[in-house]
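Chemist: If it helps, the file is called target_8.txt and holds compact mmCIF, C-alpha atoms:
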```txt
# COMPACT_ATOMS: atom_id res chain seq x y z
CA MET R 281 154.36 158.13 102.13
CA SER R 282 156.78 157.38 99.32
CA TRP R 283 155.57 155.65 96.15
CA ALA R 284 158.45 153.20 96.44
CA MET R 285 157.03 151.98 99.75
CA VAL R 286 153.53 151.71 98.27
CA THR R 287 154.75 149.66 95.30
CA VAL R 288 156.35 147.18 97.71
CA PHE R 289 153.30 147.03 99.99
CA VAL R 290 150.75 146.37 97.20
CA PRO R 291 152.12 143.01 95.94
CA THR R 292 152.91 141.96 99.50
CA PHE R 293 149.35 142.41 100.70
CA LEU R 294 147.88 141.12 97.44
CA LEU R 295 149.54 137.74 97.94
CA VAL R 296 148.33 137.57 101.54
CA SER R 297 144.79 138.65 100.67
CA LEU R 298 144.36 136.10 97.88
CA THR R 299 145.49 133.28 100.16
CA PRO R 300 142.45 131.27 101.33
CA GLY R 301 141.48 132.35 104.81
CA MET R 302 138.53 132.94 107.09
CA CYS R 303 137.04 135.95 105.30
CA MET R 304 137.70 134.57 101.81
CA THR R 305 136.04 131.27 102.72
CA LEU R 306 133.05 133.18 104.07
CA ALA R 307 132.81 135.15 100.81
CA MET R 308 132.86 131.91 98.81
CA VAL R 309 130.18 130.31 101.01
CA LEU R 310 127.88 133.31 100.73
CA GLY R 311 128.55 133.50 97.00
CA MET R 312 127.13 129.96 96.86
CA THR R 313 124.13 130.54 99.10
CA GLN R 314 123.25 134.21 98.64
CA GLY R 315 124.73 135.18 95.31
CA VAL R 316 127.40 137.78 94.59
CA LYS R 317 125.06 140.77 94.83
CA ARG R 318 123.87 140.02 98.38
CA THR R 319 127.37 138.97 99.45
CA LEU R 320 128.38 142.60 98.88
CA TRP R 321 126.62 143.41 102.18
CA MET R 322 128.86 140.95 104.00
CA MET R 323 131.83 142.55 102.30
CA ILE R 324 130.80 145.98 103.62
CA GLY R 325 130.84 144.64 107.18
CA GLU R 326 134.08 142.75 106.61
CA LEU R 327 135.81 145.81 105.16
CA ALA R 328 134.63 147.90 108.13
CA GLY R 329 136.09 145.28 110.46
CA VAL R 330 139.37 145.03 108.54
CA GLY R 331 139.65 148.83 108.50
CA LEU R 332 139.10 148.94 112.27
CA VAL R 333 141.65 146.18 112.93
CA ALA R 334 144.25 147.72 110.63
CA THR R 335 143.79 151.16 112.16
CA ALA R 336 144.05 149.80 115.70
CA ALA R 337 147.08 147.71 114.82
CA GLY R 338 148.82 150.63 113.16
CA ALA R 339 148.16 152.83 116.19
CA GLY R 340 149.42 150.21 118.62
CA VAL R 341 146.05 149.39 120.21
CA ALA R 342 146.23 145.79 119.01
CA ALA R 343 149.15 145.08 121.34
CA LEU R 344 147.03 146.15 124.31
CA MET R 345 144.06 144.08 123.17
CA LEU R 346 146.15 140.97 122.72
CA ARG R 347 147.28 141.34 126.34
CA GLN R 348 143.69 140.59 127.38
CA PRO R 349 143.51 136.92 126.28
CA GLU R 350 140.42 136.11 128.36
CA LEU R 351 138.30 138.82 126.77
CA PHE R 352 139.60 138.08 123.31
CA ALA R 353 139.07 134.32 123.73
CA LEU R 354 135.47 134.90 124.83
CA PHE R 355 134.82 137.16 121.85
CA LYS R 356 136.19 134.72 119.29
CA TRP R 357 134.39 131.74 120.90
CA VAL R 358 131.07 133.58 120.67
CA GLY R 359 131.78 134.46 117.05
CA GLY R 360 132.86 130.91 116.25
CA ALA R 361 129.75 129.44 117.89
CA TYR R 362 127.52 131.76 115.86
CA LEU R 363 129.16 130.80 112.58
CA GLY R 364 128.99 127.11 113.57
CA TYR R 365 125.26 127.46 114.24
CA LEU R 366 124.75 129.01 110.81
CA GLY R 367 126.72 126.15 109.26
CA VAL R 368 124.55 123.49 110.93
CA MET R 369 121.41 125.25 109.74
CA MET R 370 122.80 125.40 106.20
CA TRP R 371 123.72 121.69 106.34
CA ARG R 372 120.09 120.96 107.21
CA SER R 373 118.88 123.26 104.40
CA ARG R 374 117.23 125.50 106.95
CA GLY R 375 117.50 129.15 107.80
CA ARG R 376 117.93 132.18 105.60
CA MET R 377 121.58 131.46 104.84
CA ALA R 378 120.77 128.16 103.10
CA ILE R 379 119.76 127.87 99.46
CA PRO R 380 116.01 127.14 99.55
CA LEU R 381 114.99 123.76 98.11
CA GLU R 382 112.20 125.64 96.38
CA VAL R 383 112.81 129.14 95.09
CA GLU R 384 109.62 130.48 96.68
CA VAL R 385 110.57 129.27 100.18
CA ALA R 386 112.71 131.29 102.63
CA ALA R 387 113.71 134.89 102.15
CA PRO R 388 117.35 135.81 101.59
CA ALA R 389 119.45 136.71 104.61
CA GLY R 390 118.98 140.29 105.77
CA ARG R 391 121.46 142.98 104.84
CA VAL R 392 122.23 143.82 108.47
CA GLN R 393 122.72 140.13 109.28
CA LEU R 394 125.19 139.74 106.42
CA ALA R 395 127.07 142.92 107.33
CA LEU R 396 127.32 141.91 110.99
CA GLN R 397 128.56 138.48 110.00
CA GLY R 398 131.33 140.02 107.91
CA PHE R 399 132.26 142.51 110.63
CA LEU R 400 132.33 139.84 113.34
CA THR R 401 134.49 137.52 111.26
CA ALA R 402 137.03 140.26 110.56
CA VAL R 403 137.25 141.72 114.06
CA ALA R 404 137.25 138.40 115.95
CA ASN R 405 140.03 136.90 113.84
CA PRO R 406 143.18 136.89 116.04
CA LYS R 407 145.36 136.10 113.02
CA GLY R 408 144.18 139.33 111.42
CA TRP R 409 145.24 141.34 114.47
CA ALA R 410 148.60 139.61 114.68
CA PHE R 411 149.16 139.96 110.92
CA PHE R 412 148.56 143.71 110.85
CA MET R 413 150.73 144.19 113.92
CA VAL R 414 153.59 142.54 112.04
CA LEU R 415 152.90 143.85 108.51
CA LEU R 416 152.16 147.54 109.02
CA PRO R 417 155.03 148.83 111.21
CA PRO R 418 157.80 148.17 108.63
CA PHE R 419 155.93 150.30 106.10
CA LEU R 420 155.46 153.27 108.47
CA ASP R 421 158.05 156.04 108.33
CA ALA R 422 158.55 157.74 111.72
CA SER R 423 159.74 160.92 109.97
CA ARG R 424 156.39 161.38 108.21
CA PRO R 425 152.89 162.03 109.63
CA LEU R 426 151.50 158.70 110.89
CA ALA R 427 147.85 159.46 110.15
CA LYS R 428 148.42 160.16 106.46
CA GLN R 429 150.47 156.98 106.04
CA LEU R 430 147.77 154.91 107.69
CA VAL R 431 145.13 156.40 105.40
CA VAL R 432 147.13 155.38 102.34
CA LEU R 433 147.93 151.86 103.59
CA ILE R 434 144.41 151.15 104.80
CA GLY R 435 142.99 152.43 101.53
CA VAL R 436 145.23 149.97 99.66
CA ILE R 437 144.28 147.16 102.08
CA LEU R 438 140.54 147.70 101.71
CA THR R 439 140.73 147.96 97.91
CA ILE R 440 142.69 144.72 97.55
CA GLU R 441 140.55 142.95 100.15
CA PHE R 442 137.34 143.91 98.33
CA PHE R 443 138.47 142.59 94.96
CA SER R 444 139.85 139.41 96.54
CA MET R 445 136.51 138.69 98.22
CA LEU R 446 134.74 139.45 94.96
CA VAL R 447 136.84 136.78 93.23
CA TYR R 448 135.94 134.21 95.90
CA ALA R 449 132.25 135.14 95.92
CA THR R 450 132.09 134.83 92.13
CA GLY R 451 133.71 131.41 92.37
CA GLY R 452 131.10 130.32 94.89
CA SER R 453 128.28 131.62 92.70
CA THR R 454 129.69 129.71 89.72
CA LEU R 455 129.84 126.52 91.80
CA ARG R 456 126.22 127.04 92.77
CA LYS R 457 125.18 127.24 89.12
CA LEU R 458 127.12 124.10 88.23
CA LEU R 459 125.57 122.06 91.02
CA GLY R 460 122.18 123.68 90.59
CA GLU R 461 121.97 122.41 87.06
CA SER R 462 122.24 118.89 88.47
CA SER R 463 119.52 119.58 91.09
CA ASN R 464 122.03 119.05 93.89
CA VAL R 465 120.79 121.88 96.11
CA ARG R 466 121.00 119.77 99.27
CA LEU R 467 124.57 118.83 98.41
CA LEU R 468 125.46 122.46 97.87
CA ASN R 469 123.91 123.42 101.22
CA ARG R 470 125.95 120.68 102.91
CA ILE R 471 129.17 121.82 101.26
CA ALA R 472 128.51 125.43 102.24
CA GLY R 473 127.41 124.39 105.75
CA ALA R 474 130.53 122.30 106.29
CA LEU R 475 132.71 125.21 105.16
CA MET R 476 130.84 127.58 107.47
CA VAL R 477 131.33 125.23 110.45
CA GLY R 478 134.99 125.03 109.48
CA VAL R 479 135.23 128.83 109.53
CA GLY R 480 133.57 128.85 112.97
CA LEU R 481 136.04 126.28 114.32
CA TRP R 482 138.91 128.18 112.74
CA LEU R 483 137.73 131.37 114.45
CA ALA R 484 137.21 129.73 117.86
CA LEU R 485 140.37 127.59 117.94
CA GLY R 486 142.74 129.64 115.81
```
Could you render the structure as structure tokens?

Modeler:
Amino acid sequence: MSWAMVTVFVPTFLLVSLTPGMCMTLAMVLGMTQGVKRTLWMMIGELAGVGLVATAAGAGVAALMLRQPELFALFKWVGGAYLGYLGVMMWRSRGRMAIPLEVEVAAPAGRVQLALQGFLTAVANPKGWAFFMVLLPPFLDASRPLAKQLVVLIGVILTIEFFSMLVYATGGSTLRKLLGESSNVRLLNRIAGALMVGVGLWLALG
């Protein structure tokens, strides 16, 4: 695709990606509770989900999926309920997603668990599907090979999305350190838990 089109697409998606949303909130929460390094596993799952959604949207599959509202509603309700459950556990300072009250207690969340959480959040987000359906078509040139254009656009999307999540995760980790110095671990768990429940509600009702 033409460089002129790419230079227009980059700032457009950058503004959208940096806007607080479901995946960015999740990155911030995990930055608080798991640290930036472990949050990278969630990012891997989220990027896989975003790549899948963007590819499907660009190929026109998203339109078909959105015509099945019952199936899609069930999927996002299940995902929302799962995130809500994690949020309640974090509020109670329980479970692997919460910051342990004592460093020796509770192992960090598993890598697969974090990756699945990121993937589920990205794929079950109806706004993500709708957004890519609207955003990608104007940047696709019918006179050029579709596959190559999608590769370029999705590569740009995943790169920007990764760095945006990294910014949010670092902000969450910084907040953890500030509150941790005041021994407010329970407060931090409650903040993170409330945000996680909010993400779950956003996913289920959005």

Chemist: Suppose you want the space between CA of Thr319 (chain R) and CA of Trp409 (chain R); what is it in Å?

Modeler: 23.5 Å

Chemist: Would you mind listing what lies within 8 Å of Phe399 (chain R) as a list in words, with only C-alpha atoms counted and same-chain residues fewer than 6 positions away left out?

Modeler: Met322, Ile324, Gly325, Glu326, Leu327, Ala328, Gly329 and Val330 of chain R

Chemist: Can you measure CA of Thr401 (chain R) to CA of Cys303 (chain R) for me? One decimal in Å is fine.

Modeler: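 Distance reported for this atom pair: 6.7 Å.
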
Chemist: Set the distance at 12 Å and use all atoms listed in the file: which residues neighbour Glu441 (chain R) once local chain neighbours fewer than 2 positions away are removed? I'd like the list as an NGL selection string.

Modeler: :R and (290 or 293-301 or 303-304 or 307 or 323-324 or 326-331 or 402 or 434-439 or 443-448)

Chemist: Taking (126.9, 124.0, 110.9) in the file's own coordinates, collect the residues within 12 Å, counting all atoms listed in the file, and hand them back as a PDB file with C-alpha atoms, in the frame of the given file.

Modeler:
```pdb
ATOM      1  CA  GLY R 360     132.860 130.910 116.250  1.00  0.00           C
ATOM      2  CA  ALA R 361     129.750 129.440 117.890  1.00  0.00           C
ATOM      3  CA  TYR R 362     127.520 131.760 115.860  1.00  0.00           C
ATOM      4  CA  LEU R 363     129.160 130.800 112.580  1.00  0.00           C
ATOM      5  CA  GLY R 364     128.990 127.110 113.570  1.00  0.00           C
ATOM      6  CA  TYR R 365     125.260 127.460 114.240  1.00  0.00           C
ATOM      7  CA  LEU R 366     124.750 129.010 110.810  1.00  0.00           C
ATOM      8  CA  GLY R 367     126.720 126.150 109.260  1.00  0.00           C
ATOM      9  CA  VAL R 368     124.550 123.490 110.930  1.00  0.00           C
ATOM     10  CA  MET R 369     121.410 125.250 109.740  1.00  0.00           C
ATOM     11  CA  MET R 370     122.800 125.400 106.200  1.00  0.00           C
ATOM     12  CA  TRP R 371     123.720 121.690 106.340  1.00  0.00           C
ATOM     13  CA  ARG R 372     120.090 120.960 107.210  1.00  0.00           C
ATOM     14  CA  SER R 373     118.880 123.260 104.400  1.00  0.00           C
ATOM     15  CA  ARG R 374     117.230 125.500 106.950  1.00  0.00           C
ATOM     16  CA  GLY R 375     117.500 129.150 107.800  1.00  0.00           C
ATOM     17  CA  MET R 377     121.580 131.460 104.840  1.00  0.00           C
ATOM     18  CA  ALA R 378     120.770 128.160 103.100  1.00  0.00           C
ATOM     19  CA  ASN R 469     123.910 123.420 101.220  1.00  0.00           C
ATOM     20  CA  ARG R 470     125.950 120.680 102.910  1.00  0.00           C
ATOM     21  CA  ILE R 471     129.170 121.820 101.260  1.00  0.00           C
ATOM     22  CA  ALA R 472     128.510 125.430 102.240  1.00  0.00           C
ATOM     23  CA  GLY R 473     127.410 124.390 105.750  1.00  0.00           C
ATOM     24  CA  ALA R 474     130.530 122.300 106.290  1.00  0.00           C
ATOM     25  CA  LEU R 475     132.710 125.210 105.160  1.00  0.00           C
ATOM     26  CA  MET R 476     130.840 127.580 107.470  1.00  0.00           C
ATOM     27  CA  VAL R 477     131.330 125.230 110.450  1.00  0.00           C
ATOM     28  CA  GLY R 478     134.990 125.030 109.480  1.00  0.00           C
ATOM     29  CA  VAL R 479     135.230 128.830 109.530  1.00  0.00           C
ATOM     30  CA  GLY R 480     133.570 128.850 112.970  1.00  0.00           C
ATOM     31  CA  LEU R 481     136.040 126.280 114.320  1.00  0.00           C
TER      32      LEU R 481
END
```

Chemist: Provide the CA of Leu400 (chain R) to CA of Phe442 (chain R) distance in Å, to one decimal place.

Modeler: 16.3 Å

Chemist: Determine the nearest neighbour of Trp283 (chain R) from the options R:Ala334, R:Val316, R:Val403, R:Val432, counting only C-alpha atoms.

Modeler: R:Val432

Chemist: Applying 10 Å and all atoms listed in the file, which residues near Phe412 (chain R) remain after dropping the ones on its own chain fewer than 5 positions away? List them as an MDAnalysis selection string.

Modeler: chainID R and resid 330 333:338 342 407 417

Chemist: Select, from R:Leu420, R:Arg456, R:Gly359, R:Arg318, the residue with the minimum atom-to-atom distance to Gln397 (chain R), counting all atoms listed in the file.

Modeler: R:Gly359

Chemist: Take every atom of region 356-366 of chain R listed in the file, pad by 5 Å on each side, and give me the axis-aligned box centre and edge lengths in Å, one decimal, as AutoDock Vina command-line options.

Modeler:
```
--center_x 130.5 --center_y 130.9 --center_z 115.9 --size_x 21.4 --size_y 17.6 --size_z 20.1
```

Chemist: Taking all atoms listed in the file into account, which of R:Ala449, R:Trp321, R:Val431, R:Val309 comes nearest Leu396 (chain R)?

Modeler: R:Trp321

Chemist: R:Gln429, R:Thr450, R:Gln314, R:Thr305: which is nearest Met285 (chain R), counting all atoms listed in the file?

Modeler: R:Gln429

Chemist: Output region 385-400 of chain R with N, CA and C atoms present, as a compact mmCIF listing (two decimals), in the frame of the given file.

Modeler:
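Writing done, so here's selection_34.txt:
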```
# COMPACT_ATOMS: atom_id res chain seq x y z
N VAL R 385 110.48 129.46 98.74
CA VAL R 385 110.57 129.27 100.18
C VAL R 385 111.80 129.99 100.72
N ALA R 386 111.63 130.65 101.88
CA ALA R 386 112.71 131.29 102.63
C ALA R 386 113.25 132.54 101.93
N ALA R 387 113.19 133.63 102.67
CA ALA R 387 113.71 134.89 102.15
C ALA R 387 115.22 134.91 102.28
N PRO R 388 115.89 135.71 101.47
CA PRO R 388 117.35 135.81 101.59
C PRO R 388 117.73 136.38 102.96
N ALA R 389 118.96 136.17 103.35
CA ALA R 389 119.45 136.71 104.61
C ALA R 389 119.38 138.24 104.56
N GLY R 390 119.10 138.84 105.70
CA GLY R 390 118.98 140.29 105.77
C GLY R 390 120.31 140.99 105.56
N ARG R 391 120.24 142.22 105.10
CA ARG R 391 121.46 142.98 104.84
C ARG R 391 122.26 143.22 106.12
N VAL R 392 121.56 143.57 107.19
CA VAL R 392 122.23 143.82 108.47
C VAL R 392 122.88 142.54 108.98
N GLN R 393 122.17 141.41 108.84
CA GLN R 393 122.72 140.13 109.28
C GLN R 393 124.00 139.80 108.53
N LEU R 394 124.00 140.02 107.23
CA LEU R 394 125.19 139.74 106.42
C LEU R 394 126.34 140.67 106.79
N ALA R 395 126.03 141.96 106.98
CA ALA R 395 127.07 142.92 107.33
C ALA R 395 127.68 142.61 108.70
N LEU R 396 126.82 142.25 109.66
CA LEU R 396 127.32 141.91 110.99
C LEU R 396 128.18 140.65 110.95
N GLN R 397 127.78 139.71 110.12
CA GLN R 397 128.56 138.48 110.00
C GLN R 397 129.96 138.78 109.47
N GLY R 398 130.04 139.64 108.46
CA GLY R 398 131.33 140.02 107.91
C GLY R 398 132.17 140.78 108.92
N PHE R 399 131.53 141.71 109.64
CA PHE R 399 132.26 142.51 110.63
C PHE R 399 132.79 141.64 111.75
N LEU R 400 131.93 140.73 112.25
CA LEU R 400 132.33 139.84 113.34
C LEU R 400 133.49 138.95 112.94
```
